[in-house]
Amino acid sequence: MRNLILVITIFTLLISSIVFNGCGKGDKDKSAKEILGAGATFPYPLYSKMFDAYGKEKGVKVNYQSVGSGAGIQQLTSKTVDFGASDAFMSDEEMSKAPAKVVHIPICLGAVTVVYNLEGITTLKLSPDVLSDIFLGKIKKWDDEKIKSINPDAKLPGKEINVVHRSDGSGTSFIFTDYLSKVNEGWKSSVGTGKSVNWPVGLGAKGNEGVGGLVKQTPASIGYVELIYALQNNMPMASLKNKKGNFIAPTLKSTNAAANVSLPEDTRVSLTNSDADEGYPIVSFTWILLYQEQKYENKSEEKARELLKLLSWMAHEGQQYAEPLSYAILSTEAVKKADAILKSVTYAGKPLL
Amino acid sequence: MNALTLDNTILKVKGKAFSYRKKLNKFGVFDFLFKNFLGLSAISFIILLIGIFLTLLIQSIPSIEVFGINFYTKSVWDPVQSQFGSLPFLAGTVITSFLALLITIPFSLAVSLFLGEYFSKGFLSNLMKNCIELLGGIPSVIYGFWGLFFLVPIMRAFESSIGVPPLGIGISTTSLLLFVMIIPYSASIGREVISLVPSNLKEAALALGATKYEVVRSVILPYAKSGIFAGILLALGRALGETMAVTMVIGNRNLLPDSIFGPANTMASLIANEFTEATGDVYLSSLIQIGLLLFIVTTVINIVGKQIIKRFGKD
């Protein structure tokens, strides 16, 4: 019996050493046709569809892990993935921490909508100051004069406003707080912009689905979720007053309109509170990040070229998949800038495309 | 003549063809290896534990350097300004866990006594035992969903009836949810220990004229005290570390809790929420320091609990 146990143990060890030894060898053949990416959860449904279609068309497999913008940037910085994805562009600090220059390719647009749960009220208008004051806790009740003055016809209840925000760090929060910081000095000085902030009031819920679910369940509540989420769950959204003074409802069209402004060359810009006439004020690009110099860590030129071909396809032919999934397509300005950046990506100093 | 040659002589005399000593040696070596392999496996767990502690400690160093002891007294959690304090989360964890424990103790004691003493055999009794154990096997996320869709509306209705802001989520809801989650742990162990009380002790008490209740009070409970307490300690350990279910119903407010019906946040829930998106050395390091704090709190409570169990055992 004892001998038997000994023999089995030795046998298992032998087998496992053989199995694990063989693991590293098959990768080299497949690596040119497989691209690794990680990052934002917001565009995941769109990327999923795009990568699937691209794989069927070109035979190149893309493996994307939606671990979050922050984790995506971290993995790109540590070179464990070929590209990262983020709803927030890398800050100067993050750029300086990366081992080499990182470029940002915009892929699509997303909007952050303000959703609410008020019985019998189907349209709600909010101005930047009122929205900021609600989230700062300065406006506590729905029938406050400030809200009433913008919505004279609505039968606002005398209930307390239950604010809902994100408990997890997220690109959505970044976009929302970025907007509030731009339009309200009080918000900028006391709370600021970030993927996680020190919310003055409100309950936290995890993910867009958490916030949406809590707003749906809690009467007299207000929260913020991505446009796609609100559309697919039939949640009433507030119309926000944009920079030009127009109350704009969040739609794919108004999202796209917000990006029809001049963009910087590296597209690292926040589109919130943009100058566009009919643009919805809380809009942002979602970017794919990669190194400008693609020769690193034994990466082959072929693999780098495949990556660039993928990204170029995503900015052009891939855009057809955006609107059916409720994502807004890139504006013509953005596509032009994306092309220019892709042309600047090099392998050993030579441009790839 | 030494023992070895004596052996050989005796064996030769007995007429064995092979050397019996050789066969003994083969098993001796194997024995030595086997015993040490077992020892090594046991020691590896100690090494693992120390390793975990050291990893947490080393990764927390950046934030320890910045905040020092203030980390444990400040109640601000501001990633934008890089100001971090662990007090709200420590308070949230301790309050929700101990509140859950407070509710659990009478119920688990009742269930343990009922299934261990009054109703310990039979189909229905087995069914109840299995149901309780099944409750303990349900994944935490499912409990979170159940809490969110079932418990929260009930709490909301209750809160609006007593005049408190009807949020539905918060410390009280979390404690109730934790109570449902941890009761299998203390109830199962309690039941086992109670059913192991020697029947001659119980019969002696009955023979002296004690009622069933008096037998429970003066024989069973004193005898099973340490075991019941061990079960309660296990339940507390689970409540302290519970993450997913808590994060769905606690309200995730990163400030000191101000009301038992209001929202709060716990250490495990904070880490689960913010870790993946945390960027910046101090931010990450502060989150890891929260993990270290949770580790220390759980260890301290376990040590204190074991001491109390030892005390009970001695009485």
# chains A, B, ... in the order shown; residues from 1 in each chain; ligands from 1
$ interface_residues --of "chain A" --to "chain B" --cutoff "6 Å" --atoms "only C-alpha atoms" --output "CSV table (one decimal) with C-alpha atoms, in the first residue's frame"
chain,number,residue,atom,x,y,z
A,70,GLY,CA,-6.9,51.5,-14.7
A,71,ALA,CA,-5.9,47.9,-15.0
A,167,SER,CA,-18.6,52.9,-5.6
A,168,ASP,CA,-15.9,51.4,-7.9
A,169,GLY,CA,-13.3,53.4,-9.8
A,197,VAL,CA,-13.6,60.7,-5.7
A,198,ASN,CA,-14.7,61.6,-2.3
A,203,LEU,CA,-25.0,55.9,-2.0
A,204,GLY,CA,-22.4,54.0,-4.0
$ residues_around --residues "segment 293-300 of chain A" --least-positions-apart "2" --cutoff "8 Å" --atoms "only C-alpha atoms" --output "list of chain:residue names"
A:Ala32, A:Ala100, A:Lys101, A:Tyr291, A:Glu302, A:Lys303, A:Ala304, A:Val345, A:Thr346, A:Tyr347, A:Ala348, A:Gly349
$ write_last_selection --atoms "C-alpha atoms" --output "PDB file, in the first residue's frame"
ATOM      1  CA  ALA A  32       1.495  36.617 -35.009  1.00  0.00           C
ATOM      2  CA  ALA A 100       8.103  54.599 -23.738  1.00  0.00           C
ATOM      3  CA  LYS A 101       5.757  57.013 -25.478  1.00  0.00           C
ATOM      4  CA  TYR A 291       3.350  52.263 -27.754  1.00  0.00           C
ATOM      5  CA  GLU A 302       4.423  41.240 -38.550  1.00  0.00           C
ATOM      6  CA  LYS A 303       2.608  41.298 -35.225  1.00  0.00           C
ATOM      7  CA  ALA A 304       2.963  45.065 -34.945  1.00  0.00           C
ATOM      8  CA  VAL A 345       3.524  54.385 -35.122  1.00  0.00           C
ATOM      9  CA  THR A 346       6.877  52.884 -36.018  1.00  0.00           C
ATOM     10  CA  TYR A 347       8.770  49.630 -35.848  1.00  0.00           C
ATOM     11  CA  ALA A 348      12.494  50.148 -35.294  1.00  0.00           C
ATOM     12  CA  GLY A 349      11.997  53.743 -36.406  1.00  0.00           C
TER      13      GLY A 349
END
$ select_by_dssp --residues "segment 22-83 of chain B" --states "alpha helix (DSSP H)" --output "count of residues only"
46
$ select_by_dssp --residues "segment 27-88 of chain B" --states "strand (DSSP E)" --output "list of chain:residue names"
B:Trp77, B:Asp78, B:Gln83, B:Phe84
$ atom_distance --atom1 "atom CA of Asn63 of chain A" --atom2 "atom CA of Ser78 of chain A"
17.4 Å
$ residues_around --residues "segment 98-110 of chain B" --least-positions-apart "6" --cutoff "7 Å" --atoms "only C-alpha atoms" --output "list in words"
Ser175, Leu176, Leu178, Phe179, Ile183, Ser186, Ala187 and Leu236 of chain B
$ residues_around --residues "segment 212-218 of chain B" --least-positions-apart "3" --cutoff "9 Å" --atoms "only C-alpha atoms" --output "number ranges by chain"
B: 113, 117, 202-203, 205-206, 221-223
$ atom_distance --atom1 "atom CA of Leu38 of chain B" --atom2 "atom CA of Gly305 of chain B"
28.1 Å
$ closest_residue --among "B:Ser195, B:Thr96, B:Ser188, B:Ser75" --to "Asn130 of chain B" --atoms "only C-alpha atoms"
B:Ser188
$ residues_around --residues "Tyr229 of chain A" --least-positions-apart "6" --cutoff "10 Å" --atoms "only C-alpha atoms" --output "VMD selection string"
chain A and resid 42 112 to 113 208 to 209 212 235 326
$ atom_distance --atom1 "atom CA of Gly39 of chain A" --atom2 "atom CA of Ala322 of chain A"
18.2 Å
$ residues_around --residues "Glu278 of chain A" --least-positions-apart "6" --cutoff "10 Å" --atoms "only C-alpha atoms" --output "list in words"
Asn242, Lys243, Lys244, Gly245, Asn246, Phe247, Ile248, Ala249, Lys253, Ser254, Thr255, Asn256, Ala257, Ala258 and Asn260 of chain A
$ closest_residue --among "B:Leu151, B:Val282, B:Ala239, B:Leu293" --to "Ile95 of chain B" --atoms "only C-alpha atoms"
B:Ala239
$ decode --residues "segment 245-274 of chain A" --atoms "N, CA and C atoms" --output "compact mmCIF listing (two decimals), in the first residue's frame"
# COMPACT_ATOMS: atom_id res chain seq x y z
N GLY A 245 -26.10 76.99 -24.13
CA GLY A 245 -27.37 77.36 -23.50
C GLY A 245 -28.55 76.53 -23.95
N ASN A 246 -28.32 75.51 -24.81
CA ASN A 246 -29.45 74.68 -25.24
C ASN A 246 -29.60 73.45 -24.36
N PHE A 247 -30.87 73.10 -24.06
CA PHE A 247 -31.11 71.89 -23.28
C PHE A 247 -31.07 70.71 -24.26
N ILE A 248 -30.11 69.85 -24.10
CA ILE A 248 -29.94 68.74 -25.04
C ILE A 248 -30.23 67.42 -24.35
N ALA A 249 -31.05 66.60 -25.04
CA ALA A 249 -31.31 65.26 -24.51
C ALA A 249 -30.21 64.33 -25.00
N PRO A 250 -29.82 63.37 -24.19
CA PRO A 250 -28.74 62.47 -24.63
C PRO A 250 -29.22 61.46 -25.66
N THR A 251 -28.68 61.58 -26.87
CA THR A 251 -28.97 60.60 -27.91
C THR A 251 -27.66 60.32 -28.64
N LEU A 252 -27.68 59.32 -29.53
CA LEU A 252 -26.47 59.02 -30.30
C LEU A 252 -26.06 60.22 -31.14
N LYS A 253 -27.08 60.90 -31.64
CA LYS A 253 -26.80 62.03 -32.52
C LYS A 253 -26.14 63.17 -31.75
N SER A 254 -26.71 63.49 -30.57
CA SER A 254 -26.15 64.61 -29.82
C SER A 254 -24.77 64.25 -29.28
N THR A 255 -24.52 62.95 -29.06
CA THR A 255 -23.19 62.52 -28.62
C THR A 255 -22.19 62.75 -29.74
N ASN A 256 -22.57 62.33 -30.93
CA ASN A 256 -21.67 62.50 -32.07
C ASN A 256 -21.41 63.97 -32.34
N ALA A 257 -22.48 64.80 -32.18
CA ALA A 257 -22.34 66.24 -32.44
C ALA A 257 -21.32 66.87 -31.51
N ALA A 258 -21.22 66.39 -30.30
CA ALA A 258 -20.30 67.01 -29.33
C ALA A 258 -18.86 66.87 -29.75
N ALA A 259 -18.55 65.88 -30.61
CA ALA A 259 -17.16 65.67 -31.02
C ALA A 259 -16.80 66.45 -32.27
N ASN A 260 -17.76 67.20 -32.83
CA ASN A 260 -17.46 67.97 -34.03
C ASN A 260 -16.84 69.30 -33.68
N VAL A 261 -15.73 69.21 -32.99
CA VAL A 261 -14.99 70.41 -32.60
C VAL A 261 -13.53 70.15 -32.95
N SER A 262 -12.72 71.18 -32.86
CA SER A 262 -11.31 70.95 -33.22
C SER A 262 -10.66 70.14 -32.11
N LEU A 263 -9.84 69.20 -32.52
CA LEU A 263 -9.20 68.30 -31.56
C LEU A 263 -7.69 68.48 -31.59
N PRO A 264 -7.02 68.25 -30.47
CA PRO A 264 -5.56 68.31 -30.49
C PRO A 264 -5.00 67.13 -31.27
N GLU A 265 -3.76 67.22 -31.67
CA GLU A 265 -3.16 66.19 -32.50
C GLU A 265 -3.14 64.82 -31.83
N ASP A 266 -2.90 64.80 -30.51
CA ASP A 266 -2.81 63.48 -29.87
C ASP A 266 -4.16 62.99 -29.37
N THR A 267 -5.21 63.71 -29.66
CA THR A 267 -6.61 63.42 -29.28
C THR A 267 -6.82 63.24 -27.77
N ARG A 268 -5.83 63.63 -26.98
CA ARG A 268 -6.01 63.51 -25.53
C ARG A 268 -6.77 64.74 -25.05
N VAL A 269 -8.05 64.70 -25.25
CA VAL A 269 -8.83 65.86 -24.86
C VAL A 269 -10.12 65.40 -24.22
N SER A 270 -10.62 66.21 -23.32
CA SER A 270 -11.89 65.90 -22.72
C SER A 270 -12.97 66.61 -23.52
N LEU A 271 -14.00 65.85 -23.92
CA LEU A 271 -15.05 66.44 -24.74
C LEU A 271 -16.21 66.99 -23.92
N THR A 272 -16.07 66.95 -22.60
CA THR A 272 -17.19 67.40 -21.79
C THR A 272 -17.34 68.91 -21.95
N ASN A 273 -18.60 69.35 -21.88
CA ASN A 273 -18.92 70.77 -22.00
C ASN A 273 -18.31 71.36 -23.28
N SER A 274 -18.45 70.64 -24.39
CA SER A 274 -17.81 71.10 -25.62
C SER A 274 -18.58 72.28 -26.23
